[in-house]
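Novice: Quick one: structure below, then a few questions.
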Amino acid sequence: MTRISVRVDGVDYTDEVEPRTLLVHYLREQLGKTGTVVGCDTSNCGACTVHLDGRSVKSCNVLAVQADGHEVTTIEGLATGGELHPVPQAFHECHALQCGYCTPGMIMQAVDVLRENPDPSEEEIRLGLEGNLCRCTGYHNIVRAVRQAAGAREGAQA
Amino acid sequence: MTVTEQPAQAPEVGRARLRKEDARLITGRTRWTDNIVLPGMQHLAMVRSPFAHARITGLDASAAKSAPGVVAVLTGADVKDVQGALPNAWPASDDQKTPAHPSIAVDEVAFAGEVVAVVIARSAAAARDAAELVDVDYEELPPALELKAAAADEVLAHPDLGTNVSAVWTFDSQEKGTGGSADEAIAAARADGVVIEREYRQQRLIPAFMEPRSVVCDPTGEQLTVWTSTQVPHFVRIFVAAVLGIPESKVRVIAPDVGGGFGGKLQFTPEEVITVLAARHTGKPCKYTETRSESLLSGHHGRDQWQRLTLAATRDGRVTGLKVELLADMGAYLGLVTSFIPMLGALMYNGIYKLPAYHFTCTNVLTNKTWTDAYRGAGRPEATFAIERLMDELAAELGMDALEVREKNWITHEEFPFHTVAGVTYDSGNYEAATARARELFDYEALRREQRERRDRKDPVQLGIGVSTFTEMCGLAPSRWMGEQRYAAGGWEHAEVRMLPTGKVEVVTGTSPHGQGHETAWSQIAADRLGVPFEDVEVLHGDTAIAPRGLDTYGSRSLAVGGQAVVMAADRVVEKAKPLAAHMLEAAVDDLEFTGGRFAVRGTDKGATIQEVVWAAFTSHDLPEGMVPTLDAEATYDPDNFSFPHGTHLCAVEVDTETGQVRMRRYVSVDDVGVVVNPLIVAGQMHGGLVQGIAQALWEEAVYDEQGTLVTGSFVDYTLPTAADTISFVNDNTVTPAVGTALGAKGVGEAGTIASTPAVVNAVVDALRPLGIHDVQMPCTPERVWNAIRSAGENQAEPTTQQAQEHFEPGAPNQDPTAGHAGTPEKGAGQ
Ligand code: FES
Ligand code: FES
């Protein structure tokens with residue numbers, strides 16, 4: 001067992017973990033952060049995407065011990081001050097989710113895509129989301145939602 | 001007239017309401033089965049056979065049993081007397097050969113991935129570690145794998161059955177009196193017409209819902225409670241009871257948030273049985289969640305057919321007959337509806353056309369592979385692919401335009417209701433209108449022009465245009481028809497509308513959504529019928545204790561059948577309220593009219609809102625004679641026909657003749673799904689359906705090696721499309737209401753998947769036709785397209801350059817190298 005200290009969604013945790021524990025399992029099983037889900041065992045689906053120090057990572061591809069001393073944001077920590085973050089808001093408005101299983105990962109990845117490029121083209125959005133699989137939506141409305149969120153943010157900044 | 005004007009309330013049906021269910025899904029406040037944690041819960045890991053066909057000659061679980069945290073290990077020998085047999089609910093014939101299907105294999109395994117033991121431990125990791133320690137001795141048996149060889153009984157999948165042929169199912173229009181003889185039509189066309197003979201492969205696909213399946217069973221209450229990631233909680237309840245011999249009243253099944261299904265969760269699974277067995281064995285709540293690899297390996301697959309097709313037509317392009325001979329791969333076992341899936345297509349091979357003669361035969365073949373069963377479209381994509389590919393081939397043969405040959409043969413809008421050669425009645429439709437709109441949105445003429453130009457200048461990138469004018473059958477199904485087809489259950493659906501004292505409404509539905517947005521759509525329907533605000537309606541589902549009656553969600557049935565049940569139940573509430581409203585208003589029932597949620601006395605300004613009447617029923621202080629103090633009502637709807645949505649899909653692809661790369665250029669769909677309750681949801685269903693159908697055309701295939709090992713057993717090799725592989729679509733609707741229901745909705749869940757596969761393959765073939773190519777087997781990967789071009793012989797336009805050939809390694813896996821791999825370097829490298 002190894003002791004780790006991680007800040008997750010604004011709360012500090014110190015826990016004992018098996019060194020082999022994946023970050024996603026630590027989040028889900030030890031912290032109850034079940035908003036983040038597992039969709040595969042080969043790092044292909046992106047359902048588990050969270051932010052590690054503000055950058056998106058597939059949390060099935062990171063060991064919990066690697067998060068020691070770092071800050072993790074999950075879908076559950078995205079809202080601030082009771083306000084929905086503009087990306088999930090745009091997902092809702094554009095009907096960019098159906099079953100919603102890919103959604104937490106997709107949203108976390110979309111936030112990161114927009115952080116890197118606040119005004120992405122359709123092509124750039126599609127490439128930016130390439131590591132996140134969705135079986136329901138055909139991506140059409142997800143791409144629209146990310147465009148809309150980009151616009152909303154620009155609007156807010158203007 | 002002194003009728004008080006109600007503020008005109010826009011009807012909810014038809015509004016693009018944002019979904020109610022989103023709030024929890026976009027914030028991570030979800031309840032997937034795997035999220036459930038119960039006190040004392042134990043975790044399961046399966047030990048699965050690595051062999052496709054083998055005898056179990058020894059099993060030593062002692063090391064696993066003494067591993068840390070392991071509570072028990074159960075083997076086939078341990079449970080053989082209590083596990084029962086998994087059900088096949090839809091036999092294809094009375095004398096169907098049905099292999100016995102245990103949840104845990106006892107002496108023999110029939111596919112790689114079959115469970116041979118289960119480890120029960122304090123954590124999932126401990127269970128998985130111990131599963132590695134279970135020592136199983138197998139004596140390998142030769143596996144029956146390739147479908148055609150299996151059909152010839154070269155090797156037997158289940159030697160005790162004596163054959164691999166499980167059943168043969170035939171429909172003949174002459175015999176049934178719905179048309180003439182297909183053989184005669186073909187003979188006549190051979191003499192003096194056109195005969196198109198083709199063999200198409202419907203490759204094996206995997207539903208690949210994003211949420212892996214998960215089951216939790218809590219045996220600690222008086223009722224055994226099972227949470228499961230399923231489309232069919234009501235079926236699971238019946239089968240847990242029937243298979244394990246538990247009284248149905250002692251079983252409660254809950255489908256909490258379910259992350260997609262696409263037919264893949266229309267099943268009663270070995271893992272569900274095993275989890276219940278484990279929970280009863282240990283007396284503790286047990287959870288099993290499959291890994292993605294297990295899901296791809298052991299969750300049922302779809303499609304997997306060979307289709308031999310013979311189409312007869314006159315020289316001027318009129319189709320005179322169609323003969324369909326199918327081989328359908330069942331896999332190792334007959335799951336819930338495995339054996340009837342191909343037959344759901346049997347009614348659709350004639351498509352939207354007026355065929356005078358039709359013959360269909362399907363041979364169901366057992367093999368040593370994962371069993372097949374429902375996957376989005378289930379039989380109908382295969383049928384639609386066949387007829388829509390053939391219509392393109394006929395057009396090419398006759399030098400006609402692909403749309404022109406269709407128009408010559410399709411049922412015109414004045415001809416509905418139309419009795420088809422397959423023996424069903426198409427309720428309504430307007431193929432002309434959908435096609436005209438699609439042509440316009442697509443700019444068909446301009447793209448044909450560009451195609452000619454590219455052909456003329458021998459552009460290495462050729463343009464192909466694919467057409468698919470499809471219909472499908474929704475609203476499974478009239479119970480009488482289900483019975484005639486030997487199905488074990490009916491096809492009705494149930495709803496209850498409960499009027500709460502404060503005026504809020506609960507709609508209880510027997511359908512079980514997993515992404516379709518029923519909570520939103522059902523609220524819209526109920527809001528209109530009851531005249532209550534959309535926000536005041538709560539939709540309850542997916543728990544047999546809350547929604548005890550229902551037949552669940554599959555076959556595009558939920559709205560067409562379940563939605564209609566909601567309409568009927570809501571209307572009954574209004575009828576029940578009328579005597580009380582009349583009593584309150586001191587008027588006669590006949591003088592009341594109900595609009596916008598208000599009972600008004602005709603010709604006066606007197607009225608009472610439905611909420612006031614509900615409150616009066618609740619207090620029951622002053623009820624009319626004989627009235628019971630509730631306005632709640634239930635309804636069960638059993639349709640008397642299917643509904644037949646249709647549409648015209650047009651697809652343009654660019655095919656790089658030097659690399660074989662297919663690039664989607666433009667996709668237009670104009671669908672007629674009857675009355676649209678929520679255009680946002682309908683469009684979403686189309687987008688997702690389209691991509692699944694396009695994926696069959698271009699990317700996906702479940703591949704087994706010669707030992708019967710699934711080589712596409714992870715998302716690395718089973719290449720689901722990503723955002724980077726797909727394009728944005730142009731979608732529109734025409735509206736021809738369904739006949740026979742108040743709602744007029746037809747169903748939309750499978751349309752996109754059914755229509756798009758032939759549209760895309762038609763486009764690919766259309767691009768290559770000048771090279772003498774008239775087919776590319778699915779999925780049309782760059783390798784296959786390139787090979788087709790290379791082997792097109794003297795028809796080849798330009799020899800492929802050496803440089804282009806180097807993009808491909810001979811013997812590379814049969815897949816699109818750009819699909820499904822995050823960050824593959826070739827991506828976007830201008831292939
Ligand atoms: S679960 Fe992490 S990428 Fe699939
Ligand atoms: S919404 Fe279901 S997988 Fe994306």
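Identifiers in this document derive from the order of the structure tokens: chains are assigned A, B, ..., residues are numbered from 1 separately in each chain, and ligands are numbered from 1 in order of occurrence.
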Once you count only C-alpha atoms, which residues of chain B turn out to be within 8 Å of chain A? Could you give them as an MDAnalysis selection string?

Specialist: chainID B and resid 18:19 22:23 25:30 35 208:212 257:260 291:293 514:517 680:681 684:685 687:692 714:716 720:724 726:729 820:823

Novice: Can you spit out the residues from that selection as a short mmCIF file (atom, residue, chain, number, x, y, z; two decimals), in the first residue's frame, using N, CA and C atoms?

Specialist:
```cif
data_model
loop_
_atom_site.label_atom_id
_atom_site.label_comp_id
_atom_site.auth_asym_id
_atom_site.auth_seq_id
_atom_site.Cartn_x
_atom_site.Cartn_y
_atom_site.Cartn_z
N LEU B 18 -35.87 20.33 -24.86
CA LEU B 18 -34.60 19.81 -24.37
C LEU B 18 -34.89 18.69 -23.37
N ARG B 19 -33.99 17.73 -23.29
CA ARG B 19 -34.32 16.52 -22.55
C ARG B 19 -34.24 16.71 -21.03
N ASP B 22 -31.20 14.90 -19.19
CA ASP B 22 -29.82 15.38 -19.32
C ASP B 22 -29.22 15.88 -18.01
N ALA B 23 -30.05 16.51 -17.19
CA ALA B 23 -29.51 17.19 -16.00
C ALA B 23 -28.59 16.28 -15.20
N LEU B 25 -27.22 13.45 -16.29
CA LEU B 25 -26.17 12.82 -17.10
C LEU B 25 -25.01 13.76 -17.39
N ILE B 26 -25.26 15.06 -17.46
CA ILE B 26 -24.16 15.98 -17.77
C ILE B 26 -23.42 16.44 -16.52
N THR B 27 -23.90 16.03 -15.35
CA THR B 27 -23.22 16.44 -14.13
C THR B 27 -22.62 15.25 -13.39
N GLY B 28 -22.79 14.04 -13.95
CA GLY B 28 -22.21 12.86 -13.31
C GLY B 28 -23.06 12.33 -12.17
N ARG B 29 -24.30 12.79 -12.07
CA ARG B 29 -25.19 12.30 -11.00
C ARG B 29 -25.93 11.06 -11.49
N THR B 30 -25.17 10.09 -11.95
CA THR B 30 -25.79 8.97 -12.66
C THR B 30 -25.87 7.74 -11.78
N ASN B 35 -22.22 1.49 -10.49
CA ASN B 35 -22.05 2.47 -9.40
C ASN B 35 -22.62 1.97 -8.07
N ALA B 208 -21.63 -3.15 -29.21
CA ALA B 208 -20.67 -2.21 -28.63
C ALA B 208 -21.30 -0.97 -28.02
N PHE B 209 -22.37 -1.19 -27.24
CA PHE B 209 -22.88 -0.13 -26.36
C PHE B 209 -21.73 0.35 -25.50
N MET B 210 -21.78 1.63 -25.08
CA MET B 210 -20.61 2.15 -24.36
C MET B 210 -20.54 1.69 -22.91
N GLU B 211 -21.67 1.44 -22.30
CA GLU B 211 -21.61 0.96 -20.91
C GLU B 211 -21.48 -0.56 -20.90
N PRO B 212 -20.36 -1.09 -20.43
CA PRO B 212 -20.27 -2.55 -20.33
C PRO B 212 -21.40 -3.06 -19.44
N ASP B 257 -29.90 3.63 -14.73
CA ASP B 257 -29.40 4.26 -15.95
C ASP B 257 -28.69 3.19 -16.76
N VAL B 258 -29.04 3.09 -18.03
CA VAL B 258 -28.46 2.06 -18.90
C VAL B 258 -27.77 2.76 -20.07
N GLY B 259 -26.50 2.45 -20.23
CA GLY B 259 -25.68 3.18 -21.20
C GLY B 259 -25.68 2.56 -22.58
N GLY B 260 -26.81 2.65 -23.24
CA GLY B 260 -26.92 2.17 -24.61
C GLY B 260 -27.22 0.68 -24.66
N THR B 291 -15.55 -6.56 -18.34
CA THR B 291 -14.58 -5.69 -18.97
C THR B 291 -15.02 -5.49 -20.41
N ARG B 292 -14.45 -4.52 -21.07
CA ARG B 292 -14.79 -4.32 -22.48
C ARG B 292 -14.43 -5.55 -23.30
N SER B 293 -13.30 -6.14 -23.01
CA SER B 293 -12.91 -7.33 -23.78
C SER B 293 -13.92 -8.46 -23.58
N HIS B 514 -32.90 3.57 -22.65
CA HIS B 514 -31.47 3.56 -22.35
C HIS B 514 -30.78 4.54 -23.27
N GLY B 515 -31.34 5.76 -23.32
CA GLY B 515 -30.76 6.81 -24.13
C GLY B 515 -31.74 7.46 -25.08
N GLN B 516 -32.95 6.89 -25.18
CA GLN B 516 -33.90 7.36 -26.20
C GLN B 516 -34.67 8.60 -25.78
N GLY B 517 -34.61 8.99 -24.51
CA GLY B 517 -35.31 10.21 -24.11
C GLY B 517 -36.79 10.03 -23.85
N LEU B 680 -35.90 17.12 -31.94
CA LEU B 680 -34.51 17.03 -31.47
C LEU B 680 -34.12 15.57 -31.27
N ILE B 681 -35.02 14.83 -30.63
CA ILE B 681 -34.74 13.42 -30.35
C ILE B 681 -34.73 12.62 -31.64
N GLY B 684 -31.52 13.17 -33.34
CA GLY B 684 -30.46 12.46 -32.63
C GLY B 684 -30.46 10.97 -32.94
N GLN B 685 -31.65 10.39 -32.98
CA GLN B 685 -31.75 8.97 -33.34
C GLN B 685 -31.21 8.73 -34.76
N HIS B 687 -28.94 10.57 -36.42
CA HIS B 687 -27.48 10.72 -36.47
C HIS B 687 -26.77 9.46 -35.98
N GLY B 688 -27.21 8.98 -34.82
CA GLY B 688 -26.54 7.82 -34.23
C GLY B 688 -26.76 6.58 -35.07
N GLY B 689 -27.98 6.44 -35.58
CA GLY B 689 -28.29 5.30 -36.43
C GLY B 689 -27.48 5.33 -37.71
N LEU B 690 -27.38 6.49 -38.29
CA LEU B 690 -26.61 6.63 -39.53
C LEU B 690 -25.17 6.17 -39.32
N VAL B 691 -24.57 6.63 -38.24
CA VAL B 691 -23.15 6.29 -38.05
C VAL B 691 -22.99 4.79 -37.81
N GLN B 692 -23.94 4.16 -37.13
CA GLN B 692 -23.82 2.71 -36.96
C GLN B 692 -23.94 1.98 -38.30
N SER B 714 -10.96 -6.25 -28.71
CA SER B 714 -10.88 -5.03 -27.91
C SER B 714 -11.16 -3.85 -28.84
N PHE B 715 -11.26 -2.67 -28.25
CA PHE B 715 -11.52 -1.48 -29.07
C PHE B 715 -10.29 -1.08 -29.91
N VAL B 716 -9.16 -1.76 -29.69
CA VAL B 716 -8.03 -1.52 -30.57
C VAL B 716 -8.31 -2.11 -31.95
N LEU B 720 -14.62 1.04 -33.83
CA LEU B 720 -15.77 1.94 -33.82
C LEU B 720 -15.36 3.27 -34.44
N PRO B 721 -16.27 3.89 -35.17
CA PRO B 721 -15.93 5.20 -35.73
C PRO B 721 -15.74 6.25 -34.63
N THR B 722 -14.83 7.17 -34.88
CA THR B 722 -14.62 8.30 -33.96
C THR B 722 -15.18 9.56 -34.62
N ALA B 723 -15.12 10.64 -33.87
CA ALA B 723 -15.59 11.92 -34.41
C ALA B 723 -14.80 12.30 -35.66
N ALA B 724 -13.54 11.86 -35.70
CA ALA B 724 -12.70 12.25 -36.83
C ALA B 724 -13.01 11.45 -38.10
N THR B 726 -16.15 10.72 -39.05
CA THR B 726 -17.52 10.95 -39.50
C THR B 726 -17.71 12.40 -39.92
N ILE B 727 -18.86 12.68 -40.50
CA ILE B 727 -19.16 14.04 -40.94
C ILE B 727 -20.48 14.51 -40.34
N SER B 728 -20.78 15.76 -40.52
CA SER B 728 -22.10 16.26 -40.13
C SER B 728 -23.09 15.93 -41.23
N PHE B 729 -24.31 15.66 -40.83
CA PHE B 729 -25.33 15.20 -41.77
C PHE B 729 -26.34 16.30 -42.06
N GLY B 820 -10.72 4.49 -35.35
CA GLY B 820 -10.75 3.98 -34.00
C GLY B 820 -9.43 4.02 -33.25
N HIS B 821 -8.39 4.55 -33.85
CA HIS B 821 -7.12 4.60 -33.13
C HIS B 821 -6.82 6.04 -32.77
N ALA B 822 -6.81 6.31 -31.50
CA ALA B 822 -6.50 7.66 -31.09
C ALA B 822 -5.06 7.97 -31.48
N GLY B 823 -4.93 9.03 -32.21
CA GLY B 823 -3.58 9.50 -32.48
C GLY B 823 -2.76 8.63 -33.42
#
```

Novice: Just the residues within 9 Å of Glu535 in chain B, please, counting only C-alpha atoms, with nothing from its chain fewer than 2 positions along; format it as an mmCIF file with N, CA and C atoms, in the first residue's frame.

Specialist:
```cif
data_model
loop_
_atom_site.group_PDB
_atom_site.id
_atom_site.type_symbol
_atom_site.label_atom_id
_atom_site.label_comp_id
_atom_site.auth_asym_id
_atom_site.auth_seq_id
_atom_site.Cartn_x
_atom_site.Cartn_y
_atom_site.Cartn_z
ATOM 1 N N LYS B 20 -35.238 16.132 -20.379
ATOM 2 C CA LYS B 20 -35.262 16.128 -18.916
ATOM 3 C C LYS B 20 -34.140 15.299 -18.332
ATOM 4 N N LYS B 504 -49.502 17.334 -9.800
ATOM 5 C CA LYS B 504 -48.402 16.765 -10.586
ATOM 6 C C LYS B 504 -48.825 15.389 -11.103
ATOM 7 N N SER B 523 -43.433 12.813 -21.444
ATOM 8 C CA SER B 523 -43.953 14.004 -20.749
ATOM 9 C C SER B 523 -44.691 14.905 -21.728
ATOM 10 N N ALA B 527 -48.528 15.723 -21.313
ATOM 11 C CA ALA B 527 -48.853 17.140 -21.096
ATOM 12 C C ALA B 527 -49.955 17.591 -22.057
ATOM 13 N N VAL B 532 -51.602 19.642 -18.882
ATOM 14 C CA VAL B 532 -50.784 20.057 -17.735
ATOM 15 C C VAL B 532 -49.420 20.505 -18.258
ATOM 16 N N PRO B 533 -48.682 21.296 -17.471
ATOM 17 C CA PRO B 533 -47.371 21.715 -17.936
ATOM 18 C C PRO B 533 -46.432 20.518 -18.094
ATOM 19 N N VAL B 537 -44.851 16.701 -15.320
ATOM 20 C CA VAL B 537 -44.974 15.261 -15.574
ATOM 21 C C VAL B 537 -43.657 14.569 -15.245
ATOM 22 N N GLU B 538 -43.764 13.502 -14.498
ATOM 23 C CA GLU B 538 -42.600 12.688 -14.155
ATOM 24 C C GLU B 538 -42.819 11.319 -14.790
#
```

Novice: Near His51 in chain A, counting only C-alpha atoms, which residues have an atom at most 6 Å away, once you skip same-chain residues fewer than 6 positions from it, shown as a PyMOL selection string?

Specialist: chain A and resi 57+72-73

Novice: Would you save the residues from that selection as a PDB file, in the first residue's frame, using N, CA, C and O atoms?

Specialist:
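Listing of selection31.pdb after writing:
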```pdb
ATOM      1  N   VAL A  57      -6.808  13.818 -19.099  1.00  0.00           N
ATOM      2  CA  VAL A  57      -6.125  12.524 -19.142  1.00  0.00           C
ATOM      3  C   VAL A  57      -7.197  11.432 -19.097  1.00  0.00           C
ATOM      4  O   VAL A  57      -8.292  11.656 -18.595  1.00  0.00           O
ATOM      5  N   VAL A  72      -7.033  16.850  -9.302  1.00  0.00           N
ATOM      6  CA  VAL A  72      -7.887  16.179 -10.285  1.00  0.00           C
ATOM      7  C   VAL A  72      -9.246  16.878 -10.313  1.00  0.00           C
ATOM      8  O   VAL A  72      -9.794  17.218  -9.257  1.00  0.00           O
ATOM      9  N   THR A  73      -9.755  17.109 -11.524  1.00  0.00           N
ATOM     10  CA  THR A  73     -11.134  17.592 -11.649  1.00  0.00           C
ATOM     11  C   THR A  73     -11.921  16.563 -12.422  1.00  0.00           C
ATOM     12  O   THR A  73     -11.488  16.131 -13.495  1.00  0.00           O
TER      13      THR A  73
END
```

Novice: Please measure the separation of CA of His25 in chain A and CA of Gly261 in chain B, giving the value in Å to one decimal.

Specialist: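 CA of Gly261 in chain B lies at a distance of 24.1 Å from CA of His25 in chain A.
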
Novice: Please extract the residues of range 14-147 of chain A with a backbone DSSP assignment of strand (DSSP E) and present them as a list in words.

Specialist: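 Of range 14-147 of chain A, the ones in strand (DSSP E) are Thr14, Asp15, Glu16, Val17, Thr49, Val50, His51, Leu52, Arg55, Ser56, Val57, Lys58, Glu71, Val72 and Thr73 of chain A.
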
Novice: Take the residues that were just selected and, keeping N, CA, C and O atoms, output them as a short mmCIF file (atom, residue, chain, number, x, y, z; two decimals), in the first residue's frame.

Specialist:
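The resulting file, again00.cif, is shown below:
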```cif
data_model
loop_
_atom_site.label_atom_id
_atom_site.label_comp_id
_atom_site.auth_asym_id
_atom_site.auth_seq_id
_atom_site.Cartn_x
_atom_site.Cartn_y
_atom_site.Cartn_z
N THR A 14 -6.33 12.07 1.57
CA THR A 14 -5.12 11.27 1.77
C THR A 14 -5.56 9.84 1.98
O THR A 14 -6.44 9.56 2.81
N ASP A 15 -5.01 8.94 1.17
CA ASP A 15 -5.49 7.56 1.20
C ASP A 15 -4.34 6.58 0.99
O ASP A 15 -3.31 6.92 0.41
N GLU A 16 -4.60 5.36 1.43
CA GLU A 16 -3.69 4.24 1.14
C GLU A 16 -4.23 3.55 -0.12
O GLU A 16 -5.41 3.21 -0.18
N VAL A 17 -3.38 3.35 -1.09
CA VAL A 17 -3.83 2.62 -2.30
C VAL A 17 -2.82 1.54 -2.63
O VAL A 17 -1.63 1.67 -2.31
N THR A 49 -12.28 10.12 -18.96
CA THR A 49 -11.46 11.32 -19.03
C THR A 49 -11.74 12.28 -17.86
O THR A 49 -12.89 12.60 -17.55
N VAL A 50 -10.67 12.71 -17.21
CA VAL A 50 -10.74 13.73 -16.15
C VAL A 50 -9.62 14.74 -16.42
O VAL A 50 -8.85 14.57 -17.37
N HIS A 51 -9.54 15.76 -15.60
CA HIS A 51 -8.42 16.69 -15.73
C HIS A 51 -7.41 16.45 -14.61
O HIS A 51 -7.80 16.34 -13.44
N LEU A 52 -6.16 16.37 -14.98
CA LEU A 52 -5.08 16.27 -14.01
C LEU A 52 -4.30 17.57 -14.13
O LEU A 52 -3.73 17.85 -15.20
N ARG A 55 -5.25 19.49 -17.31
CA ARG A 55 -5.14 18.89 -18.64
C ARG A 55 -5.91 17.58 -18.67
O ARG A 55 -5.87 16.83 -17.70
N SER A 56 -6.56 17.28 -19.79
CA SER A 56 -7.34 16.05 -19.83
C SER A 56 -6.43 14.83 -19.88
O SER A 56 -5.41 14.82 -20.57
N VAL A 57 -6.81 13.82 -19.10
CA VAL A 57 -6.13 12.52 -19.14
C VAL A 57 -7.20 11.43 -19.10
O VAL A 57 -8.29 11.66 -18.60
N LYS A 58 -6.83 10.29 -19.64
CA LYS A 58 -7.70 9.13 -19.48
C LYS A 58 -7.34 8.50 -18.15
O LYS A 58 -6.23 8.00 -17.98
N GLU A 71 -3.73 17.73 -8.67
CA GLU A 71 -5.12 18.12 -8.54
C GLU A 71 -5.93 17.50 -9.67
O GLU A 71 -5.56 17.59 -10.84
N VAL A 72 -7.03 16.85 -9.30
CA VAL A 72 -7.89 16.18 -10.28
C VAL A 72 -9.25 16.88 -10.31
O VAL A 72 -9.79 17.22 -9.26
N THR A 73 -9.75 17.11 -11.52
CA THR A 73 -11.13 17.59 -11.65
C THR A 73 -11.92 16.56 -12.42
O THR A 73 -11.49 16.13 -13.49
#
```
